[in-house]
Every structure is written in C-alpha cells, then in structure tokens.
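Asks: Quick one, protein_11.pdb (PDB, C-alpha atoms):
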MODEL        1
ATOM      1  CA  MET A 282     149.236  30.495  79.368  1.00  0.00           C
ATOM      2  CA  SER A 283     147.233  33.493  80.601  1.00  0.00           C
ATOM      3  CA  HIS A 284     148.337  34.894  83.948  1.00  0.00           C
ATOM      4  CA  ILE A 285     145.535  35.975  86.298  1.00  0.00           C
ATOM      5  CA  LEU A 286     145.818  38.176  89.383  1.00  0.00           C
ATOM      6  CA  LEU A 287     143.214  37.027  91.919  1.00  0.00           C
ATOM      7  CA  VAL A 288     142.568  39.507  94.732  1.00  0.00           C
ATOM      8  CA  GLU A 289     140.293  37.996  97.373  1.00  0.00           C
ATOM      9  CA  ASP A 290     140.484  38.194 101.166  1.00  0.00           C
ATOM     10  CA  GLU A 291     138.196  35.206 101.788  1.00  0.00           C
ATOM     11  CA  VAL A 292     140.915  32.569 101.903  1.00  0.00           C
ATOM     12  CA  ALA A 293     138.643  29.545 101.426  1.00  0.00           C
ATOM     13  CA  LEU A 294     136.938  31.089  98.396  1.00  0.00           C
ATOM     14  CA  ALA A 295     140.253  32.188  96.921  1.00  0.00           C
ATOM     15  CA  ARG A 296     141.638  28.664  97.239  1.00  0.00           C
ATOM     16  CA  VAL A 297     138.633  27.147  95.446  1.00  0.00           C
ATOM     17  CA  VAL A 298     138.789  29.732  92.648  1.00  0.00           C
ATOM     18  CA  GLN A 299     142.540  29.414  92.236  1.00  0.00           C
ATOM     19  CA  ASP A 300     142.418  25.615  92.091  1.00  0.00           C
ATOM     20  CA  SER A 301     139.609  25.710  89.533  1.00  0.00           C
ATOM     21  CA  LEU A 302     141.372  28.205  87.274  1.00  0.00           C
ATOM     22  CA  GLU A 303     144.705  26.403  87.483  1.00  0.00           C
ATOM     23  CA  GLN A 304     143.035  23.128  86.539  1.00  0.00           C
ATOM     24  CA  THR A 305     141.618  24.936  83.495  1.00  0.00           C
ATOM     25  CA  GLY A 306     145.110  25.961  82.449  1.00  0.00           C
ATOM     26  CA  TYR A 307     145.546  29.461  83.835  1.00  0.00           C
ATOM     27  CA  GLN A 308     148.461  30.669  85.911  1.00  0.00           C
ATOM     28  CA  VAL A 309     147.054  32.333  89.048  1.00  0.00           C
ATOM     29  CA  THR A 310     148.730  34.652  91.544  1.00  0.00           C
ATOM     30  CA  HIS A 311     146.699  35.344  94.683  1.00  0.00           C
ATOM     31  CA  ALA A 312     146.787  38.465  96.840  1.00  0.00           C
ATOM     32  CA  ILE A 313     144.816  38.782 100.055  1.00  0.00           C
ATOM     33  CA  ASP A 314     144.534  42.594 100.116  1.00  0.00           C
ATOM     34  CA  GLY A 315     144.516  45.504  97.685  1.00  0.00           C
ATOM     35  CA  THR A 316     147.871  46.927  98.717  1.00  0.00           C
ATOM     36  CA  LYS A 317     149.707  43.642  98.162  1.00  0.00           C
ATOM     37  CA  ALA A 318     147.850  43.195  94.874  1.00  0.00           C
ATOM     38  CA  TYR A 319     149.025  46.561  93.556  1.00  0.00           C
ATOM     39  CA  THR A 320     152.622  45.694  94.425  1.00  0.00           C
ATOM     40  CA  LEU A 321     152.288  42.397  92.552  1.00  0.00           C
ATOM     41  CA  PHE A 322     150.674  44.112  89.575  1.00  0.00           C
ATOM     42  CA  CYS A 323     153.520  46.610  89.305  1.00  0.00           C
ATOM     43  CA  GLY A 324     156.104  43.843  89.409  1.00  0.00           C
ATOM     44  CA  GLN A 325     154.924  41.495  86.654  1.00  0.00           C
ATOM     45  CA  PRO A 326     152.551  41.335  83.671  1.00  0.00           C
ATOM     46  CA  PHE A 327     149.025  39.971  84.048  1.00  0.00           C
ATOM     47  CA  ASP A 328     146.443  39.135  81.395  1.00  0.00           C
ATOM     48  CA  CYS A 329     143.393  39.563  83.640  1.00  0.00           C
ATOM     49  CA  CYS A 330     142.581  40.741  87.166  1.00  0.00           C
ATOM     50  CA  ILE A 331     139.803  39.291  89.333  1.00  0.00           C
ATOM     51  CA  ILE A 332     139.233  41.717  92.190  1.00  0.00           C
ATOM     52  CA  ASP A 333     136.908  41.505  95.168  1.00  0.00           C
ATOM     53  CA  VAL A 334     135.335  44.882  95.924  1.00  0.00           C
ATOM     54  CA  MET A 335     135.552  44.720  99.716  1.00  0.00           C
ATOM     55  CA  LEU A 336     139.243  44.307 100.484  1.00  0.00           C
ATOM     56  CA  PRO A 337     141.492  45.168 103.446  1.00  0.00           C
ATOM     57  CA  LEU A 338     143.884  48.141 103.203  1.00  0.00           C
ATOM     58  CA  THR A 339     142.971  49.134  99.638  1.00  0.00           C
ATOM     59  CA  ASP A 340     139.454  48.425  98.359  1.00  0.00           C
ATOM     60  CA  GLY A 341     138.782  46.955  94.927  1.00  0.00           C
ATOM     61  CA  PHE A 342     137.562  50.179  93.307  1.00  0.00           C
ATOM     62  CA  THR A 343     140.661  52.062  94.449  1.00  0.00           C
ATOM     63  CA  LEU A 344     142.903  49.240  93.238  1.00  0.00           C
ATOM     64  CA  SER A 345     141.240  49.345  89.827  1.00  0.00           C
ATOM     65  CA  THR A 346     141.754  53.123  89.660  1.00  0.00           C
ATOM     66  CA  GLN A 347     145.449  52.663  90.490  1.00  0.00           C
ATOM     67  CA  ILE A 348     145.825  50.069  87.747  1.00  0.00           C
ATOM     68  CA  ARG A 349     144.149  52.298  85.143  1.00  0.00           C
ATOM     69  CA  ALA A 350     146.294  55.261  86.253  1.00  0.00           C
ATOM     70  CA  GLN A 351     149.280  53.305  84.937  1.00  0.00           C
ATOM     71  CA  GLY A 352     147.694  53.280  81.493  1.00  0.00           C
ATOM     72  CA  SER A 353     146.990  49.552  81.679  1.00  0.00           C
ATOM     73  CA  VAL A 354     144.047  48.150  79.715  1.00  0.00           C
ATOM     74  CA  VAL A 355     144.194  44.714  81.378  1.00  0.00           C
ATOM     75  CA  PRO A 356     140.644  43.299  81.798  1.00  0.00           C
ATOM     76  CA  ILE A 357     139.290  43.698  85.323  1.00  0.00           C
ATOM     77  CA  LEU A 358     136.475  41.536  86.671  1.00  0.00           C
ATOM     78  CA  PHE A 359     134.954  42.539  90.016  1.00  0.00           C
ATOM     79  CA  LEU A 360     133.598  40.025  92.506  1.00  0.00           C
ATOM     80  CA  THR A 361     131.005  41.571  94.800  1.00  0.00           C
ATOM     81  CA  ALA A 362     128.062  40.946  97.068  1.00  0.00           C
ATOM     82  CA  ARG A 363     126.784  44.448  96.280  1.00  0.00           C
ATOM     83  CA  SER A 364     123.886  44.874  93.899  1.00  0.00           C
ATOM     84  CA  SER A 365     122.971  48.573  93.595  1.00  0.00           C
ATOM     85  CA  THR A 366     123.208  50.399  90.279  1.00  0.00           C
ATOM     86  CA  GLN A 367     125.419  53.043  91.872  1.00  0.00           C
ATOM     87  CA  ASP A 368     127.914  50.387  92.979  1.00  0.00           C
ATOM     88  CA  LEU A 369     128.096  49.082  89.417  1.00  0.00           C
ATOM     89  CA  VAL A 370     128.582  52.586  88.045  1.00  0.00           C
ATOM     90  CA  THR A 371     131.335  53.247  90.584  1.00  0.00           C
ATOM     91  CA  GLY A 372     133.059  50.019  89.580  1.00  0.00           C
ATOM     92  CA  TYR A 373     132.904  50.780  85.875  1.00  0.00           C
ATOM     93  CA  GLN A 374     134.013  54.364  86.517  1.00  0.00           C
ATOM     94  CA  SER A 375     137.076  53.040  88.310  1.00  0.00           C
ATOM     95  CA  GLY A 376     138.020  50.984  85.258  1.00  0.00           C
ATOM     96  CA  GLY A 377     136.258  47.660  85.672  1.00  0.00           C
ATOM     97  CA  ASN A 378     135.174  45.648  82.633  1.00  0.00           C
ATOM     98  CA  ASP A 379     132.712  43.233  84.212  1.00  0.00           C
ATOM     99  CA  TYR A 380     130.946  42.267  87.434  1.00  0.00           C
ATOM    100  CA  LEU A 381     130.151  38.894  88.974  1.00  0.00           C
ATOM    101  CA  ARG A 382     127.913  38.825  92.009  1.00  0.00           C
ATOM    102  CA  LYS A 383     128.515  36.477  94.925  1.00  0.00           C
ATOM    103  CA  PRO A 384     127.616  33.681  95.219  1.00  0.00           C
ATOM    104  CA  PHE A 385     128.654  32.599  91.735  1.00  0.00           C
ATOM    105  CA  SER A 386     129.361  29.368  89.903  1.00  0.00           C
ATOM    106  CA  LEU A 387     132.885  28.503  88.834  1.00  0.00           C
ATOM    107  CA  GLU A 388     131.546  27.766  85.350  1.00  0.00           C
ATOM    108  CA  GLU A 389     130.224  31.308  84.979  1.00  0.00           C
ATOM    109  CA  LEU A 390     133.469  32.764  86.310  1.00  0.00           C
ATOM    110  CA  GLN A 391     135.478  30.822  83.741  1.00  0.00           C
ATOM    111  CA  TRP A 392     133.116  31.865  80.940  1.00  0.00           C
ATOM    112  CA  ARG A 393     133.436  35.544  81.857  1.00  0.00           C
ATOM    113  CA  ILE A 394     137.221  35.324  82.035  1.00  0.00           C
ATOM    114  CA  LYS A 395     137.304  33.664  78.628  1.00  0.00           C
ATOM    115  CA  GLU A 396     135.098  36.419  77.200  1.00  0.00           C
ATOM    116  CA  LEU A 397     137.309  39.151  78.618  1.00  0.00           C
ATOM    117  CA  LEU A 398     140.476  37.544  77.293  1.00  0.00           C
ATOM    118  CA  ASN A 399     138.910  37.120  73.857  1.00  0.00           C
ATOM    119  CA  ARG A 400     138.184  40.834  73.496  1.00  0.00           C
ATOM    120  CA  LYS A 401     141.319  41.551  71.508  1.00  0.00           C
ATOM    121  CA  LYS A 402     141.691  44.943  69.880  1.00  0.00           C
ATOM    122  CA  ASP A 403     143.429  46.032  66.717  1.00  0.00           C
ATOM    123  CA  PRO A 404     146.545  47.895  67.988  1.00  0.00           C
ATOM    124  CA  VAL A 405     146.447  50.271  65.025  1.00  0.00           C
ATOM    125  CA  ALA A 406     142.783  51.116  65.491  1.00  0.00           C
ATOM    126  CA  GLU A 407     143.391  51.522  69.212  1.00  0.00           C
ATOM    127  CA  LYS A 408     145.689  54.480  68.508  1.00  0.00           C
ATOM    128  CA  ALA A 409     143.298  56.225  66.114  1.00  0.00           C
ATOM    129  CA  SER A 410     141.413  59.371  67.105  1.00  0.00           C
ATOM    130  CA  VAL A 411     137.770  59.967  66.157  1.00  0.00           C
ATOM    131  CA  VAL A 412     136.310  63.286  65.042  1.00  0.00           C
ATOM    132  CA  LEU A 413     132.852  63.952  66.492  1.00  0.00           C
ATOM    133  CA  GLY A 414     131.529  67.284  65.292  1.00  0.00           C
ATOM    134  CA  ASN A 415     134.143  69.763  66.547  1.00  0.00           C
ATOM    135  CA  THR A 416     135.350  67.391  69.241  1.00  0.00           C
ATOM    136  CA  CYS A 417     138.259  64.957  69.075  1.00  0.00           C
ATOM    137  CA  PHE A 418     137.761  61.621  70.823  1.00  0.00           C
ATOM    138  CA  ILE A 419     141.023  59.807  71.590  1.00  0.00           C
ATOM    139  CA  PRO A 420     140.143  56.300  72.804  1.00  0.00           C
ATOM    140  CA  TYR A 421     143.614  55.110  73.804  1.00  0.00           C
ATOM    141  CA  LYS A 422     144.081  58.217  75.963  1.00  0.00           C
ATOM    142  CA  GLN A 423     140.470  58.012  77.179  1.00  0.00           C
ATOM    143  CA  THR A 424     139.976  61.715  76.521  1.00  0.00           C
ATOM    144  CA  LEU A 425     137.722  64.189  74.735  1.00  0.00           C
ATOM    145  CA  GLN A 426     139.200  67.406  73.378  1.00  0.00           C
ATOM    146  CA  LEU A 427     136.412  69.984  73.118  1.00  0.00           C
ATOM    147  CA  PRO A 428     136.311  72.951  70.690  1.00  0.00           C
ATOM    148  CA  ASP A 429     137.282  75.396  73.468  1.00  0.00           C
ATOM    149  CA  GLY A 430     140.461  73.416  74.134  1.00  0.00           C
ATOM    150  CA  LYS A 431     139.161  71.792  77.291  1.00  0.00           C
ATOM    151  CA  GLU A 432     140.194  68.161  77.751  1.00  0.00           C
ATOM    152  CA  ILE A 433     137.877  65.751  79.543  1.00  0.00           C
ATOM    153  CA  LYS A 434     139.141  62.509  81.004  1.00  0.00           C
ATOM    154  CA  LEU A 435     136.797  59.571  80.447  1.00  0.00           C
ATOM    155  CA  SER A 436     136.451  56.422  82.507  1.00  0.00           C
ATOM    156  CA  HIS A 437     137.195  53.083  80.902  1.00  0.00           C
ATOM    157  CA  LYS A 438     133.503  52.255  80.499  1.00  0.00           C
ATOM    158  CA  GLU A 439     132.666  55.697  79.119  1.00  0.00           C
ATOM    159  CA  THR A 440     135.429  55.219  76.563  1.00  0.00           C
ATOM    160  CA  GLU A 441     134.175  51.800  75.482  1.00  0.00           C
ATOM    161  CA  LEU A 442     130.590  53.019  75.166  1.00  0.00           C
ATOM    162  CA  LEU A 443     131.574  56.115  73.182  1.00  0.00           C
ATOM    163  CA  ARG A 444     133.815  53.997  70.963  1.00  0.00           C
ATOM    164  CA  LEU A 445     130.876  51.721  70.169  1.00  0.00           C
ATOM    165  CA  LEU A 446     128.582  54.683  69.494  1.00  0.00           C
ATOM    166  CA  SER A 447     131.265  56.192  67.245  1.00  0.00           C
ATOM    167  CA  GLN A 448     131.472  53.001  65.217  1.00  0.00           C
ATOM    168  CA  HIS A 449     127.741  53.443  64.507  1.00  0.00           C
ATOM    169  CA  LYS A 450     127.872  57.230  64.075  1.00  0.00           C
ATOM    170  CA  ASN A 451     124.744  58.633  62.406  1.00  0.00           C
ATOM    171  CA  ASN A 452     123.183  55.163  62.602  1.00  0.00           C
ATOM    172  CA  ILE A 453     121.215  53.432  65.328  1.00  0.00           C
ATOM    173  CA  LEU A 454     123.144  51.382  67.868  1.00  0.00           C
ATOM    174  CA  GLU A 455     120.665  48.841  69.154  1.00  0.00           C
ATOM    175  CA  ARG A 456     120.366  48.702  72.911  1.00  0.00           C
ATOM    176  CA  LYS A 457     120.715  44.925  73.088  1.00  0.00           C
ATOM    177  CA  GLN A 458     123.816  44.979  70.893  1.00  0.00           C
ATOM    178  CA  ALA A 459     125.493  47.548  73.140  1.00  0.00           C
ATOM    179  CA  LEU A 460     124.644  45.657  76.317  1.00  0.00           C
ATOM    180  CA  LEU A 461     125.942  42.344  74.982  1.00  0.00           C
ATOM    181  CA  ALA A 462     129.132  43.957  73.681  1.00  0.00           C
ATOM    182  CA  LEU A 463     129.994  45.929  76.816  1.00  0.00           C
ATOM    183  CA  TRP A 464     128.279  44.107  79.687  1.00  0.00           C
ATOM    184  CA  GLY A 465     127.920  40.563  78.421  1.00  0.00           C
ATOM    185  CA  ASP A 466     124.135  40.409  78.879  1.00  0.00           C
ATOM    186  CA  ASP A 467     121.079  42.560  78.182  1.00  0.00           C
ATOM    187  CA  SER A 468     119.516  42.447  81.645  1.00  0.00           C
ATOM    188  CA  PHE A 469     117.354  45.289  82.938  1.00  0.00           C
ATOM    189  CA  PHE A 470     119.918  45.910  85.675  1.00  0.00           C
ATOM    190  CA  HIS A 471     122.776  46.513  83.220  1.00  0.00           C
ATOM    191  CA  GLY A 472     120.402  48.490  81.017  1.00  0.00           C
ATOM    192  CA  ARG A 473     119.904  51.006  83.822  1.00  0.00           C
ATOM    193  CA  THR A 474     123.651  51.179  84.289  1.00  0.00           C
ATOM    194  CA  MET A 475     124.197  51.899  80.592  1.00  0.00           C
ATOM    195  CA  ASP A 476     121.615  54.689  80.738  1.00  0.00           C
ATOM    196  CA  VAL A 477     123.674  56.326  83.488  1.00  0.00           C
ATOM    197  CA  PHE A 478     126.758  56.243  81.295  1.00  0.00           C
ATOM    198  CA  VAL A 479     124.897  57.682  78.313  1.00  0.00           C
ATOM    199  CA  THR A 480     123.820  60.561  80.560  1.00  0.00           C
ATOM    200  CA  LYS A 481     127.436  61.092  81.620  1.00  0.00           C
ATOM    201  CA  LEU A 482     128.605  61.159  77.998  1.00  0.00           C
ATOM    202  CA  ARG A 483     125.936  63.711  77.102  1.00  0.00           C
ATOM    203  CA  LYS A 484     127.142  65.902  79.944  1.00  0.00           C
ATOM    204  CA  HIS A 485     130.751  65.643  78.729  1.00  0.00           C
ATOM    205  CA  LEU A 486     129.734  66.529  75.163  1.00  0.00           C
ATOM    206  CA  LYS A 487     127.408  69.425  75.969  1.00  0.00           C
ATOM    207  CA  GLY A 488     130.248  71.858  75.179  1.00  0.00           C
ATOM    208  CA  ASP A 489     129.914  70.909  71.493  1.00  0.00           C
ATOM    209  CA  PRO A 490     126.365  71.510  70.215  1.00  0.00           C
ATOM    210  CA  SER A 491     127.217  69.760  66.937  1.00  0.00           C
ATOM    211  CA  VAL A 492     127.373  66.418  68.749  1.00  0.00           C
ATOM    212  CA  GLU A 493     124.297  64.731  70.170  1.00  0.00           C
ATOM    213  CA  ILE A 494     123.362  61.301  71.481  1.00  0.00           C
ATOM    214  CA  LEU A 495     119.739  60.634  70.613  1.00  0.00           C
ATOM    215  CA  ASN A 496     117.557  58.165  72.443  1.00  0.00           C
ATOM    216  CA  ILE A 497     115.631  56.094  69.892  1.00  0.00           C
ATOM    217  CA  ARG A 498     112.802  54.946  72.132  1.00  0.00           C
ATOM    218  CA  GLY A 499     112.477  51.192  72.371  1.00  0.00           C
ATOM    219  CA  VAL A 500     115.397  50.607  69.998  1.00  0.00           C
ATOM    220  CA  GLY A 501     118.660  52.154  71.119  1.00  0.00           C
ATOM    221  CA  TYR A 502     120.834  55.225  70.604  1.00  0.00           C
ATOM    222  CA  LYS A 503     122.114  57.300  67.704  1.00  0.00           C
ATOM    223  CA  LEU A 504     125.287  59.412  67.884  1.00  0.00           C
ATOM    224  CA  ILE A 505     125.036  62.477  65.631  1.00  0.00           C
ATOM    225  CA  GLY A 506     128.191  64.419  64.888  1.00  0.00           C
TER
ENDMDL
END
Can you dump the structure from the file as structure tokens?
Replies:
Amino acid sequence: MSHILLVEDEVALARVVQDSLEQTGYQVTHAIDGTKAYTLFCGQPFDCCIIDVMLPLTDGFTLSTQIRAQGSVVPILFLTARSSTQDLVTGYQSGGNDYLRKPFSLEELQWRIKELLNRKKDPVAEKASVVLGNTCFIPYKQTLQLPDGKEIKLSHKETELLRLLSQHKNNILERKQALLALWGDDSFFHGRTMDVFVTKLRKHLKGDPSVEILNIRGVGYKLIG
C-alpha cells in the first residue's frame, strides 16, 4: 500500500481528497502546514507527497526544497491556484515533479498520482554518471562537473531533462516526447516551461564548448557532446 503525505491547509478539501485516496487503497497522512509536514516526512517513509503551494508557516516550494535537500527522490505533486510560467519554473526548481491546478477533479488527481508512482527507475542506472564532452553529469547527485573543476548543482527538473537529452545524445529528442515524459502532457503552457529549463541547462553547460543543446525548429532538441 503506497503511503501519501497530503499537505493542504483547506480542511474541507483535504478531507475530500484524503477520503477519495483512501477509498482507492492508499494510506494517507494529512498535515495542515508545511512545518508539520516536514516533521512528518522526517519521521516516516512516504511514497508520494501532494503539497499545496500556499501553506502556513512553511510554503510548498520551501517544503519541497527541504525534502530534496535530504536527498529524497520521492515524487512531489503540487496543488496550486497559480498559473504563471514563473510559478511553474519555481516549483520545478524546488524539486516538484508535477502540477495540478485548482479546481481539479479527483479522477485527474488519482491518475497523476498513479503516473508518478509508476515512474520506477533502474537503481543501477540511477547511480551511473554520463560523460558529455568534457563534462561529467551525475544524475543521482544532480550535479555537473565542468572541465575547470567547477561543480554545478542542478534542480530535480533540470536533472530529469538533461537525463532524457543524454539518453538521446547526438539524436533528436522530439519535443512532444519530452513533454509527455517529464510533464505528462504536451500543452503550450508546459512547452514554455520546458524552454526555460533548456535555457538554464545551456547556461550551466556554457563552460564546456564541446557540449551544445541544439534547437531543431518545429521538432525538438539535440544534445551534442
């Protein structure tokens, strides 16, 4: 039975969500604020976290950052009424895996949770490093080691995107494929968000001229290195 940490300060909404998930077969622990949620997270294992962005005491983005600082790769799904691209980028930078905008249907929430829980990784492959030109990409550490010895810390979403690009190195990664794999849909909104992360990766990699992320107009991206 998967154990879910639900962090939501709207008590009525939290009760509806918790009842729905428990009827589906999940074990759910509810926290009403970010500080209490972090204490719960540190005290027991969870398989997935559902976190509202606007929380008392500790907001959702900060809570996600605290969870990732522990080295945890537990899936994090944000619930939010916000809709700007910058808010999405901030959420993914803090370690979030997915977003669900309020108001939402319980059916969509359950589908997204199922998708997140199904994204199992090969533990051996997870530990492997990837050579990109003269740069070493270490996914499980979420770092880039540049030729000059400088180490760059990547966000969770940057790591996942670079991992996907690396798997298609010197070949085209289709835009739709990347969006479906990392965001769950290929909407224009998430497409803009992905473009922001590609720009961030290019900035991180500019210290190694042997590595380049090309934009294949109308198709996708190609990582050269």
Asks: Please indicate the distance in Å from CA of Glu303 in chain A to CA of Leu369 in chain A, rounded to one decimal place.
Replies: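 Going from CA of Glu303 in chain A over to CA of Leu369 in chain A, I get 28.2 Å.
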Asks: Do you know which residues the PyMOL selection byres ((chain A and resi 341-348) around 6) returns on this file, as a list in words?
Replies: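 This file gives the following for the PyMOL selection byres ((chain A and resi 341-348) around 6): Ile332, Asp333, Val334, Asp340, Arg349, Ala350, Gln351, Gly372, Ser375 and Gly376 of chain A.
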Asks: Given the file shown, enumerate the residues that the PyMOL selection byres ((chain A and resi 495) around 10) captures and present them as a short mmCIF file (atom, residue, chain, number, x, y, z; two decimals) with C-alpha atoms, in the coordinates of the input.
Replies:
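Below is the file expr.cif, written as the result:
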data_model
loop_
_atom_site.label_atom_id
_atom_site.label_comp_id
_atom_site.auth_asym_id
_atom_site.auth_seq_id
_atom_site.Cartn_x
_atom_site.Cartn_y
_atom_site.Cartn_z
CA ASN A 451 124.74 58.63 62.41
CA ILE A 453 121.22 53.43 65.33
CA VAL A 479 124.90 57.68 78.31
CA ARG A 483 125.94 63.71 77.10
CA VAL A 492 127.37 66.42 68.75
CA GLU A 493 124.30 64.73 70.17
CA ILE A 494 123.36 61.30 71.48
CA ASN A 496 117.56 58.16 72.44
CA ILE A 497 115.63 56.09 69.89
CA ARG A 498 112.80 54.95 72.13
CA GLY A 501 118.66 52.15 71.12
CA TYR A 502 120.83 55.22 70.60
CA LYS A 503 122.11 57.30 67.70
CA LEU A 504 125.29 59.41 67.88
CA ILE A 505 125.04 62.48 65.63
#
Asks: Suppose a student applies the PyMOL selection byres ((chain A and resi 390-395) around 12) to this structure; what residues should they get, written as a compact mmCIF listing (two decimals) with C-alpha atoms, keeping the file's coordinate frame?
Replies:
# COMPACT_ATOMS: atom_id res chain seq x y z
CA SER A 283 147.23 33.49 80.60
CA HIS A 284 148.34 34.89 83.95
CA ILE A 285 145.54 35.98 86.30
CA LEU A 286 145.82 38.18 89.38
CA LEU A 287 143.21 37.03 91.92
CA VAL A 297 138.63 27.15 95.45
CA VAL A 298 138.79 29.73 92.65
CA GLN A 299 142.54 29.41 92.24
CA SER A 301 139.61 25.71 89.53
CA LEU A 302 141.37 28.20 87.27
CA GLU A 303 144.71 26.40 87.48
CA GLN A 304 143.04 23.13 86.54
CA THR A 305 141.62 24.94 83.50
CA GLY A 306 145.11 25.96 82.45
CA TYR A 307 145.55 29.46 83.84
CA ASP A 328 146.44 39.14 81.40
CA CYS A 329 143.39 39.56 83.64
CA CYS A 330 142.58 40.74 87.17
CA ILE A 331 139.80 39.29 89.33
CA VAL A 355 144.19 44.71 81.38
CA PRO A 356 140.64 43.30 81.80
CA ILE A 357 139.29 43.70 85.32
CA LEU A 358 136.48 41.54 86.67
CA PHE A 359 134.95 42.54 90.02
CA LEU A 360 133.60 40.02 92.51
CA ASN A 378 135.17 45.65 82.63
CA ASP A 379 132.71 43.23 84.21
CA TYR A 380 130.95 42.27 87.43
CA LEU A 381 130.15 38.89 88.97
CA ARG A 382 127.91 38.83 92.01
CA LYS A 383 128.51 36.48 94.92
CA PRO A 384 127.62 33.68 95.22
CA PHE A 385 128.65 32.60 91.74
CA SER A 386 129.36 29.37 89.90
CA LEU A 387 132.88 28.50 88.83
CA GLU A 388 131.55 27.77 85.35
CA GLU A 389 130.22 31.31 84.98
CA GLU A 396 135.10 36.42 77.20
CA LEU A 397 137.31 39.15 78.62
CA LEU A 398 140.48 37.54 77.29
CA ASN A 399 138.91 37.12 73.86
CA ARG A 400 138.18 40.83 73.50
CA LYS A 401 141.32 41.55 71.51
CA TRP A 464 128.28 44.11 79.69
CA GLY A 465 127.92 40.56 78.42
CA ASP A 466 124.14 40.41 78.88
Asks: Give me the residues within 12 Å of Asn415 in chain A as a list in words, counting all atoms listed in the file and dropping any in the same chain fewer than 4 places off.
Replies: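 Once the adjacent positions are removed, what remains is Val411, Leu425, Gln426, Leu427, Pro428, Asp429, Gly430, Leu486, Lys487, Gly488, Asp489, Pro490, Ser491, Val492, Glu493, Ile505 and Gly506 of chain A.
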Asks: Show me, as a PyMOL selection string, the residues that have an atom within 7 Å of Thr424 in chain A when counting all atoms listed in the file, minus same-chain residues fewer than 3 positions from it.
Replies: chain A and resi 418-420+432-435
Asks: Closest to Tyr421 in chain A among A:Gln458, A:Thr361, A:Thr440, A:Thr316, using all atoms listed in the file?
Replies: A:Thr440
Asks: Within 12 Å of (122.8, 53.6, 83.1) (file coordinates; only C-alpha atoms), which protein or nucleic acid residues are there? I'd like them as a VMD selection string.
Replies: chain A and resid 365 to 371 373 to 374 438 to 439 442 456 459 to 460 464 468 to 482
Asks: So the first atom is CA of Leu321 in chain A and the second is CA of Glu441 in chain A; what is the distance between them in Å, to one decimal place?
Replies: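 Answer for the CA of Leu321 in chain A to CA of Glu441 in chain A separation: 26.6 Å.
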Asks: For CA of Pro326 in chain A and CA of Gly377 in chain A, quote the distance in Å rounded to one decimal.
Replies: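 Result for CA of Pro326 in chain A versus CA of Gly377 in chain A: 17.6 Å, one decimal.
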Asks: Would you mind telling me which residue in A:Leu454, A:Val292, A:Ala318, A:Val309 lies nearest to Leu338 in chain A when using all atoms listed in the file?
Replies: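 Nearest candidate to Leu338 in chain A out of A:Leu454, A:Val292, A:Ala318, A:Val309: A:Ala318.
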Asks: Which of these, A:Lys450, A:Ala295, A:Ser436, A:Lys431, has the shortest distance to Leu413 in chain A once you count only C-alpha atoms?
Replies: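 Counting only C-alpha atoms, the residue closest to Leu413 in chain A is A:Lys450.
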Asks: Considering only C-alpha atoms, can you say which of A:His485, A:Cys323, A:Met282, A:Val288 comes closest to Thr416 in chain A?
Replies: A:His485
